[in-house]
$ cat input-v8.txt   # compact mmCIF, N, CA and C atoms
# COMPACT_ATOMS: atom_id res chain seq x y z
N ASP A 715 -44.46 33.52 -3.67
CA ASP A 715 -44.85 32.90 -4.93
C ASP A 715 -43.62 32.36 -5.68
N SER A 716 -42.49 33.09 -5.61
CA SER A 716 -41.28 32.62 -6.30
C SER A 716 -40.70 31.39 -5.61
N THR A 717 -40.88 31.27 -4.30
CA THR A 717 -40.37 30.08 -3.61
C THR A 717 -41.17 28.85 -4.00
N SER A 718 -42.46 29.00 -4.23
CA SER A 718 -43.25 27.84 -4.64
C SER A 718 -42.86 27.42 -6.06
N LEU A 719 -42.54 28.39 -6.91
CA LEU A 719 -42.08 28.06 -8.25
C LEU A 719 -40.73 27.37 -8.20
N GLU A 720 -39.85 27.84 -7.35
CA GLU A 720 -38.54 27.22 -7.18
C GLU A 720 -38.69 25.80 -6.62
N THR A 721 -39.57 25.63 -5.66
CA THR A 721 -39.82 24.31 -5.09
C THR A 721 -40.35 23.36 -6.15
N LEU A 722 -41.28 23.84 -6.95
CA LEU A 722 -41.85 23.03 -8.03
C LEU A 722 -40.76 22.64 -9.03
N TYR A 723 -39.91 23.59 -9.37
CA TYR A 723 -38.82 23.31 -10.31
C TYR A 723 -37.86 22.26 -9.73
N ASN A 724 -37.50 22.39 -8.46
CA ASN A 724 -36.59 21.43 -7.82
C ASN A 724 -37.19 20.04 -7.78
N LYS A 725 -38.47 19.94 -7.49
CA LYS A 725 -39.14 18.63 -7.48
C LYS A 725 -39.18 18.03 -8.88
N PHE A 726 -39.41 18.86 -9.87
CA PHE A 726 -39.41 18.37 -11.25
C PHE A 726 -38.03 17.87 -11.64
N GLU A 727 -36.99 18.62 -11.30
CA GLU A 727 -35.61 18.20 -11.58
C GLU A 727 -35.30 16.86 -10.91
N GLU A 728 -35.72 16.72 -9.68
CA GLU A 728 -35.48 15.48 -8.94
C GLU A 728 -36.20 14.31 -9.61
N TYR A 729 -37.40 14.56 -10.12
CA TYR A 729 -38.20 13.52 -10.75
C TYR A 729 -37.61 13.06 -12.08
N VAL A 730 -37.12 13.97 -12.89
CA VAL A 730 -36.63 13.62 -14.23
C VAL A 730 -35.16 13.23 -14.26
N THR A 731 -34.43 13.50 -13.19
CA THR A 731 -33.01 13.14 -13.14
C THR A 731 -32.90 11.63 -12.97
N PRO A 732 -32.15 10.96 -13.85
CA PRO A 732 -32.02 9.51 -13.72
C PRO A 732 -31.37 9.12 -12.40
N LYS A 733 -31.87 8.05 -11.83
CA LYS A 733 -31.30 7.54 -10.58
C LYS A 733 -30.08 6.69 -10.91
N SER A 734 -29.04 6.84 -10.13
CA SER A 734 -27.84 6.06 -10.38
C SER A 734 -27.97 4.68 -9.77
N SER A 735 -27.41 3.71 -10.43
CA SER A 735 -27.40 2.34 -9.96
C SER A 735 -25.95 1.89 -9.87
N PRO A 736 -25.41 1.77 -8.65
CA PRO A 736 -24.01 1.36 -8.51
C PRO A 736 -23.72 0.02 -9.18
N VAL A 737 -24.68 -0.89 -9.17
CA VAL A 737 -24.47 -2.21 -9.77
C VAL A 737 -24.28 -2.06 -11.29
N PHE A 738 -25.16 -1.30 -11.94
CA PHE A 738 -25.02 -1.10 -13.38
C PHE A 738 -23.77 -0.29 -13.69
N ALA A 739 -23.47 0.71 -12.85
CA ALA A 739 -22.27 1.52 -13.05
C ALA A 739 -21.02 0.66 -12.98
N ARG A 740 -20.97 -0.27 -12.03
CA ARG A 740 -19.81 -1.16 -11.91
C ARG A 740 -19.73 -2.12 -13.08
N PHE A 741 -20.86 -2.58 -13.56
CA PHE A 741 -20.88 -3.44 -14.75
C PHE A 741 -20.27 -2.70 -15.93
N SER A 742 -20.69 -1.46 -16.14
CA SER A 742 -20.16 -0.66 -17.24
C SER A 742 -18.67 -0.41 -17.07
N PHE A 743 -18.26 -0.10 -15.84
CA PHE A 743 -16.86 0.17 -15.55
C PHE A 743 -15.99 -1.05 -15.84
N HIS A 744 -16.40 -2.21 -15.34
CA HIS A 744 -15.58 -3.41 -15.49
C HIS A 744 -15.57 -3.97 -16.92
N ASN A 745 -16.50 -3.53 -17.73
CA ASN A 745 -16.53 -3.98 -19.12
C ASN A 745 -15.90 -2.98 -20.08
N LYS A 746 -15.43 -1.88 -19.57
CA LYS A 746 -14.80 -0.85 -20.42
C LYS A 746 -13.40 -1.30 -20.79
N ILE A 747 -13.14 -1.37 -22.07
CA ILE A 747 -11.79 -1.66 -22.57
C ILE A 747 -11.39 -0.54 -23.52
N GLN A 748 -10.12 -0.37 -23.67
CA GLN A 748 -9.60 0.68 -24.53
C GLN A 748 -9.87 0.31 -25.99
N GLU A 749 -10.43 1.26 -26.72
CA GLU A 749 -10.70 1.06 -28.15
C GLU A 749 -9.38 1.05 -28.91
N PRO A 750 -9.34 0.40 -30.08
CA PRO A 750 -8.07 0.28 -30.81
C PRO A 750 -7.37 1.61 -31.09
N GLU A 751 -8.09 2.65 -31.44
CA GLU A 751 -7.47 3.94 -31.77
C GLU A 751 -7.61 4.97 -30.65
N GLU A 752 -8.03 4.55 -29.48
CA GLU A 752 -8.25 5.45 -28.36
C GLU A 752 -6.94 5.70 -27.61
N HIS A 753 -6.64 6.96 -27.36
CA HIS A 753 -5.44 7.31 -26.60
C HIS A 753 -5.64 6.93 -25.14
N VAL A 754 -4.55 6.66 -24.45
CA VAL A 754 -4.60 6.27 -23.05
C VAL A 754 -5.28 7.35 -22.21
N GLU A 755 -5.00 8.61 -22.50
CA GLU A 755 -5.59 9.71 -21.74
C GLU A 755 -7.11 9.69 -21.87
N GLN A 756 -7.61 9.42 -23.06
CA GLN A 756 -9.06 9.34 -23.28
C GLN A 756 -9.66 8.17 -22.52
N PHE A 757 -8.96 7.05 -22.54
CA PHE A 757 -9.42 5.86 -21.84
C PHE A 757 -9.50 6.12 -20.34
N VAL A 758 -8.48 6.74 -19.77
CA VAL A 758 -8.46 7.03 -18.34
C VAL A 758 -9.57 8.01 -17.98
N THR A 759 -9.79 9.01 -18.81
CA THR A 759 -10.87 9.97 -18.55
C THR A 759 -12.22 9.27 -18.53
N LYS A 760 -12.45 8.37 -19.46
CA LYS A 760 -13.72 7.63 -19.48
C LYS A 760 -13.86 6.76 -18.23
N LEU A 761 -12.76 6.15 -17.80
CA LEU A 761 -12.81 5.35 -16.58
C LEU A 761 -13.15 6.21 -15.37
N GLN A 762 -12.56 7.40 -15.30
CA GLN A 762 -12.84 8.31 -14.18
C GLN A 762 -14.31 8.72 -14.16
N LEU A 763 -14.86 8.97 -15.33
CA LEU A 763 -16.28 9.34 -15.40
C LEU A 763 -17.18 8.18 -14.98
N LEU A 764 -16.84 6.99 -15.44
CA LEU A 764 -17.63 5.81 -15.07
C LEU A 764 -17.52 5.51 -13.58
N ALA A 765 -16.35 5.69 -13.01
CA ALA A 765 -16.11 5.35 -11.61
C ALA A 765 -16.86 6.27 -10.64
N LYS A 766 -17.23 7.45 -11.10
CA LYS A 766 -17.92 8.40 -10.23
C LYS A 766 -19.21 7.81 -9.64
N TYR A 767 -19.86 6.92 -10.36
CA TYR A 767 -21.16 6.40 -9.95
C TYR A 767 -21.09 4.98 -9.40
N CYS A 768 -19.88 4.47 -9.19
CA CYS A 768 -19.71 3.08 -8.76
C CYS A 768 -19.68 2.89 -7.26
N SER A 769 -19.51 3.93 -6.50
CA SER A 769 -19.42 3.87 -5.04
C SER A 769 -18.27 2.97 -4.57
N PHE A 770 -17.15 3.04 -5.27
CA PHE A 770 -15.97 2.29 -4.85
C PHE A 770 -15.39 2.90 -3.58
N LYS A 771 -14.84 2.06 -2.71
CA LYS A 771 -14.18 2.57 -1.51
C LYS A 771 -12.88 3.25 -1.88
N ASP A 772 -12.15 2.69 -2.84
CA ASP A 772 -10.89 3.28 -3.31
C ASP A 772 -10.96 3.41 -4.83
N GLN A 773 -11.48 4.53 -5.27
CA GLN A 773 -11.71 4.75 -6.69
C GLN A 773 -10.41 4.72 -7.50
N ASP A 774 -9.35 5.31 -6.97
CA ASP A 774 -8.08 5.35 -7.69
C ASP A 774 -7.52 3.94 -7.91
N GLU A 775 -7.65 3.09 -6.91
CA GLU A 775 -7.16 1.72 -7.05
C GLU A 775 -7.94 0.96 -8.11
N MET A 776 -9.25 1.15 -8.15
CA MET A 776 -10.07 0.45 -9.15
C MET A 776 -9.74 0.95 -10.56
N ILE A 777 -9.52 2.24 -10.71
CA ILE A 777 -9.15 2.78 -12.02
C ILE A 777 -7.81 2.21 -12.46
N ARG A 778 -6.86 2.16 -11.54
CA ARG A 778 -5.54 1.60 -11.85
C ARG A 778 -5.66 0.14 -12.31
N GLU A 779 -6.47 -0.65 -11.62
CA GLU A 779 -6.65 -2.05 -12.02
C GLU A 779 -7.31 -2.16 -13.38
N ARG A 780 -8.28 -1.30 -13.66
CA ARG A 780 -8.97 -1.35 -14.95
C ARG A 780 -8.02 -0.94 -16.07
N ILE A 781 -7.10 -0.02 -15.78
CA ILE A 781 -6.09 0.36 -16.77
C ILE A 781 -5.22 -0.85 -17.10
N VAL A 782 -4.81 -1.58 -16.07
CA VAL A 782 -3.96 -2.75 -16.28
C VAL A 782 -4.67 -3.80 -17.13
N PHE A 783 -5.94 -4.06 -16.82
CA PHE A 783 -6.65 -5.14 -17.51
C PHE A 783 -7.38 -4.69 -18.78
N GLY A 784 -7.55 -3.38 -18.97
CA GLY A 784 -8.36 -2.91 -20.07
C GLY A 784 -7.63 -2.21 -21.20
N THR A 785 -6.33 -2.02 -21.06
CA THR A 785 -5.60 -1.34 -22.13
C THR A 785 -5.23 -2.32 -23.22
N ASN A 786 -4.96 -1.79 -24.39
CA ASN A 786 -4.59 -2.64 -25.52
C ASN A 786 -3.10 -2.50 -25.86
N LEU A 787 -2.29 -2.26 -24.84
CA LEU A 787 -0.85 -2.14 -25.06
C LEU A 787 -0.27 -3.49 -25.46
N GLN A 788 0.72 -3.44 -26.33
CA GLN A 788 1.37 -4.66 -26.77
C GLN A 788 2.21 -5.23 -25.63
N LYS A 789 2.26 -6.54 -25.53
CA LYS A 789 3.09 -7.17 -24.50
C LYS A 789 4.55 -7.07 -24.91
N PHE A 790 5.37 -6.94 -23.90
CA PHE A 790 6.82 -6.86 -24.15
C PHE A 790 7.37 -8.27 -24.42
N GLU A 791 8.25 -8.35 -25.37
CA GLU A 791 8.89 -9.63 -25.65
C GLU A 791 10.20 -9.70 -24.89
N LYS A 792 10.50 -10.91 -24.39
CA LYS A 792 11.75 -11.10 -23.69
C LYS A 792 12.85 -11.28 -24.73
N ASN A 793 14.00 -10.67 -24.46
CA ASN A 793 15.13 -10.78 -25.38
C ASN A 793 15.99 -11.97 -25.03

$ encode --input "input-v8.txt" --output "structure tokens"
Amino acid sequence: DSTSLETLYNKFEEYVTPKSSPVFARFSFHNKIQEPEEHVEQFVTKLQLLAKYCSFKDQDEMIRERIVFGTNLQKFEKN
């Protein structure tokens, strides 16, 4: 009887758990930019969380590229 209850619970969990969409996850990832008052560490953490659902072949490389294109660091001036 407890196994049937456990089975029912697992099926319910599977039904109500949102399905991931790599296409939407990648859209969100590529549109993420660093907020004006957001620390770099916070920005990187958010990128790591977003990248989990993107199915990238090289997740670290994609995060690195998004850091380059998505940060709000000031450009260096040539002297």

$ atom_distance --input "input-v8.txt" --atom1 "atom C of Thr785 (chain A)" --atom2 "CA of Pro736 (chain A)"
24.1 Å

$ residues_around --input "input-v8.txt" --residues "region 738-753 of chain A" --least-positions-apart "3" --cutoff "8 Å" --atoms "only N, CA and C atoms" --output "ChimeraX atom specification"
/A:734-735,756-761,764-769,780,783-787

$ select_by_dssp --input "input-v8.txt" --residues "region 729-762 of chain A" --states "alpha helix (DSSP H)" --output "PDB file with N, CA and C atoms, in the frame of the given file"
ATOM      1  N   TYR A 729     -37.400  14.560 -10.120  1.00  0.00           N
ATOM      2  CA  TYR A 729     -38.200  13.520 -10.750  1.00  0.00           C
ATOM      3  C   TYR A 729     -37.610  13.060 -12.080  1.00  0.00           C
ATOM      4  N   VAL A 730     -37.120  13.970 -12.890  1.00  0.00           N
ATOM      5  CA  VAL A 730     -36.630  13.620 -14.230  1.00  0.00           C
ATOM      6  C   VAL A 730     -35.160  13.230 -14.260  1.00  0.00           C
ATOM      7  N   PRO A 736     -25.410   1.770  -8.650  1.00  0.00           N
ATOM      8  CA  PRO A 736     -24.010   1.360  -8.510  1.00  0.00           C
ATOM      9  C   PRO A 736     -23.720   0.020  -9.180  1.00  0.00           C
ATOM     10  N   VAL A 737     -24.680  -0.890  -9.170  1.00  0.00           N
ATOM     11  CA  VAL A 737     -24.470  -2.210  -9.770  1.00  0.00           C
ATOM     12  C   VAL A 737     -24.280  -2.060 -11.290  1.00  0.00           C
ATOM     13  N   PHE A 738     -25.160  -1.300 -11.940  1.00  0.00           N
ATOM     14  CA  PHE A 738     -25.020  -1.100 -13.380  1.00  0.00           C
ATOM     15  C   PHE A 738     -23.770  -0.290 -13.690  1.00  0.00           C
ATOM     16  N   ALA A 739     -23.470   0.710 -12.850  1.00  0.00           N
ATOM     17  CA  ALA A 739     -22.270   1.520 -13.050  1.00  0.00           C
ATOM     18  C   ALA A 739     -21.020   0.660 -12.980  1.00  0.00           C
ATOM     19  N   ARG A 740     -20.970  -0.270 -12.030  1.00  0.00           N
ATOM     20  CA  ARG A 740     -19.810  -1.160 -11.910  1.00  0.00           C
ATOM     21  C   ARG A 740     -19.730  -2.120 -13.080  1.00  0.00           C
ATOM     22  N   PHE A 741     -20.860  -2.580 -13.560  1.00  0.00           N
ATOM     23  CA  PHE A 741     -20.880  -3.440 -14.750  1.00  0.00           C
ATOM     24  C   PHE A 741     -20.270  -2.700 -15.930  1.00  0.00           C
ATOM     25  N   SER A 742     -20.690  -1.460 -16.140  1.00  0.00           N
ATOM     26  CA  SER A 742     -20.160  -0.660 -17.240  1.00  0.00           C
ATOM     27  C   SER A 742     -18.670  -0.410 -17.070  1.00  0.00           C
ATOM     28  N   PHE A 743     -18.260  -0.100 -15.840  1.00  0.00           N
ATOM     29  CA  PHE A 743     -16.860   0.170 -15.550  1.00  0.00           C
ATOM     30  C   PHE A 743     -15.990  -1.050 -15.840  1.00  0.00           C
ATOM     31  N   HIS A 744     -16.400  -2.210 -15.340  1.00  0.00           N
ATOM     32  CA  HIS A 744     -15.580  -3.410 -15.490  1.00  0.00           C
ATOM     33  C   HIS A 744     -15.570  -3.970 -16.920  1.00  0.00           C
ATOM     34  N   VAL A 754      -4.550   6.660 -24.450  1.00  0.00           N
ATOM     35  CA  VAL A 754      -4.600   6.270 -23.050  1.00  0.00           C
ATOM     36  C   VAL A 754      -5.280   7.350 -22.210  1.00  0.00           C
ATOM     37  N   GLU A 755      -5.000   8.610 -22.500  1.00  0.00           N
ATOM     38  CA  GLU A 755      -5.590   9.710 -21.740  1.00  0.00           C
ATOM     39  C   GLU A 755      -7.110   9.690 -21.870  1.00  0.00           C
ATOM     40  N   GLN A 756      -7.610   9.420 -23.060  1.00  0.00           N
ATOM     41  CA  GLN A 756      -9.060   9.340 -23.280  1.00  0.00           C
ATOM     42  C   GLN A 756      -9.660   8.170 -22.520  1.00  0.00           C
ATOM     43  N   PHE A 757      -8.960   7.050 -22.540  1.00  0.00           N
ATOM     44  CA  PHE A 757      -9.420   5.860 -21.840  1.00  0.00           C
ATOM     45  C   PHE A 757      -9.500   6.120 -20.340  1.00  0.00           C
ATOM     46  N   VAL A 758      -8.480   6.740 -19.770  1.00  0.00           N
ATOM     47  CA  VAL A 758      -8.460   7.030 -18.340  1.00  0.00           C
ATOM     48  C   VAL A 758      -9.570   8.010 -17.980  1.00  0.00           C
ATOM     49  N   THR A 759      -9.790   9.010 -18.810  1.00  0.00           N
ATOM     50  CA  THR A 759     -10.870   9.970 -18.550  1.00  0.00           C
ATOM     51  C   THR A 759     -12.220   9.270 -18.530  1.00  0.00           C
ATOM     52  N   LYS A 760     -12.450   8.370 -19.460  1.00  0.00           N
ATOM     53  CA  LYS A 760     -13.720   7.630 -19.480  1.00  0.00           C
ATOM     54  C   LYS A 760     -13.860   6.760 -18.230  1.00  0.00           C
ATOM     55  N   LEU A 761     -12.760   6.150 -17.800  1.00  0.00           N
ATOM     56  CA  LEU A 761     -12.810   5.350 -16.580  1.00  0.00           C
ATOM     57  C   LEU A 761     -13.150   6.210 -15.370  1.00  0.00           C
ATOM     58  N   GLN A 762     -12.560   7.400 -15.300  1.00  0.00           N
ATOM     59  CA  GLN A 762     -12.840   8.310 -14.180  1.00  0.00           C
ATOM     60  C   GLN A 762     -14.310   8.720 -14.160  1.00  0.00           C
TER      61      GLN A 762
END

$ axis_aligned_box --input "input-v8.txt" --around "region 728-741 of chain A" --padding-each-side "3 Å" --output "lines of an AutoDock Vina configuration file"
center_x = -29.0
center_y = 6.6
center_z = -12.2
size_x = 24.5
size_y = 26.2
size_z = 13.4

$ atom_distance --input "input-v8.txt" --atom1 "atom N of Lys771 (chain A)" --atom2 "atom C of Lys725 (chain A)"
29.8 Å

$ atom_distance --input "input-v8.txt" --atom1 "atom C of Gln762 (chain A)" --atom2 "atom N of Glu727 (chain A)"
24.9 Å

$ closest_residue --input "input-v8.txt" --among "A:Val737, A:Phe726, A:Leu719, A:Pro732" --to "Phe770 (chain A)" --atoms "only C-alpha atoms"
A:Val737
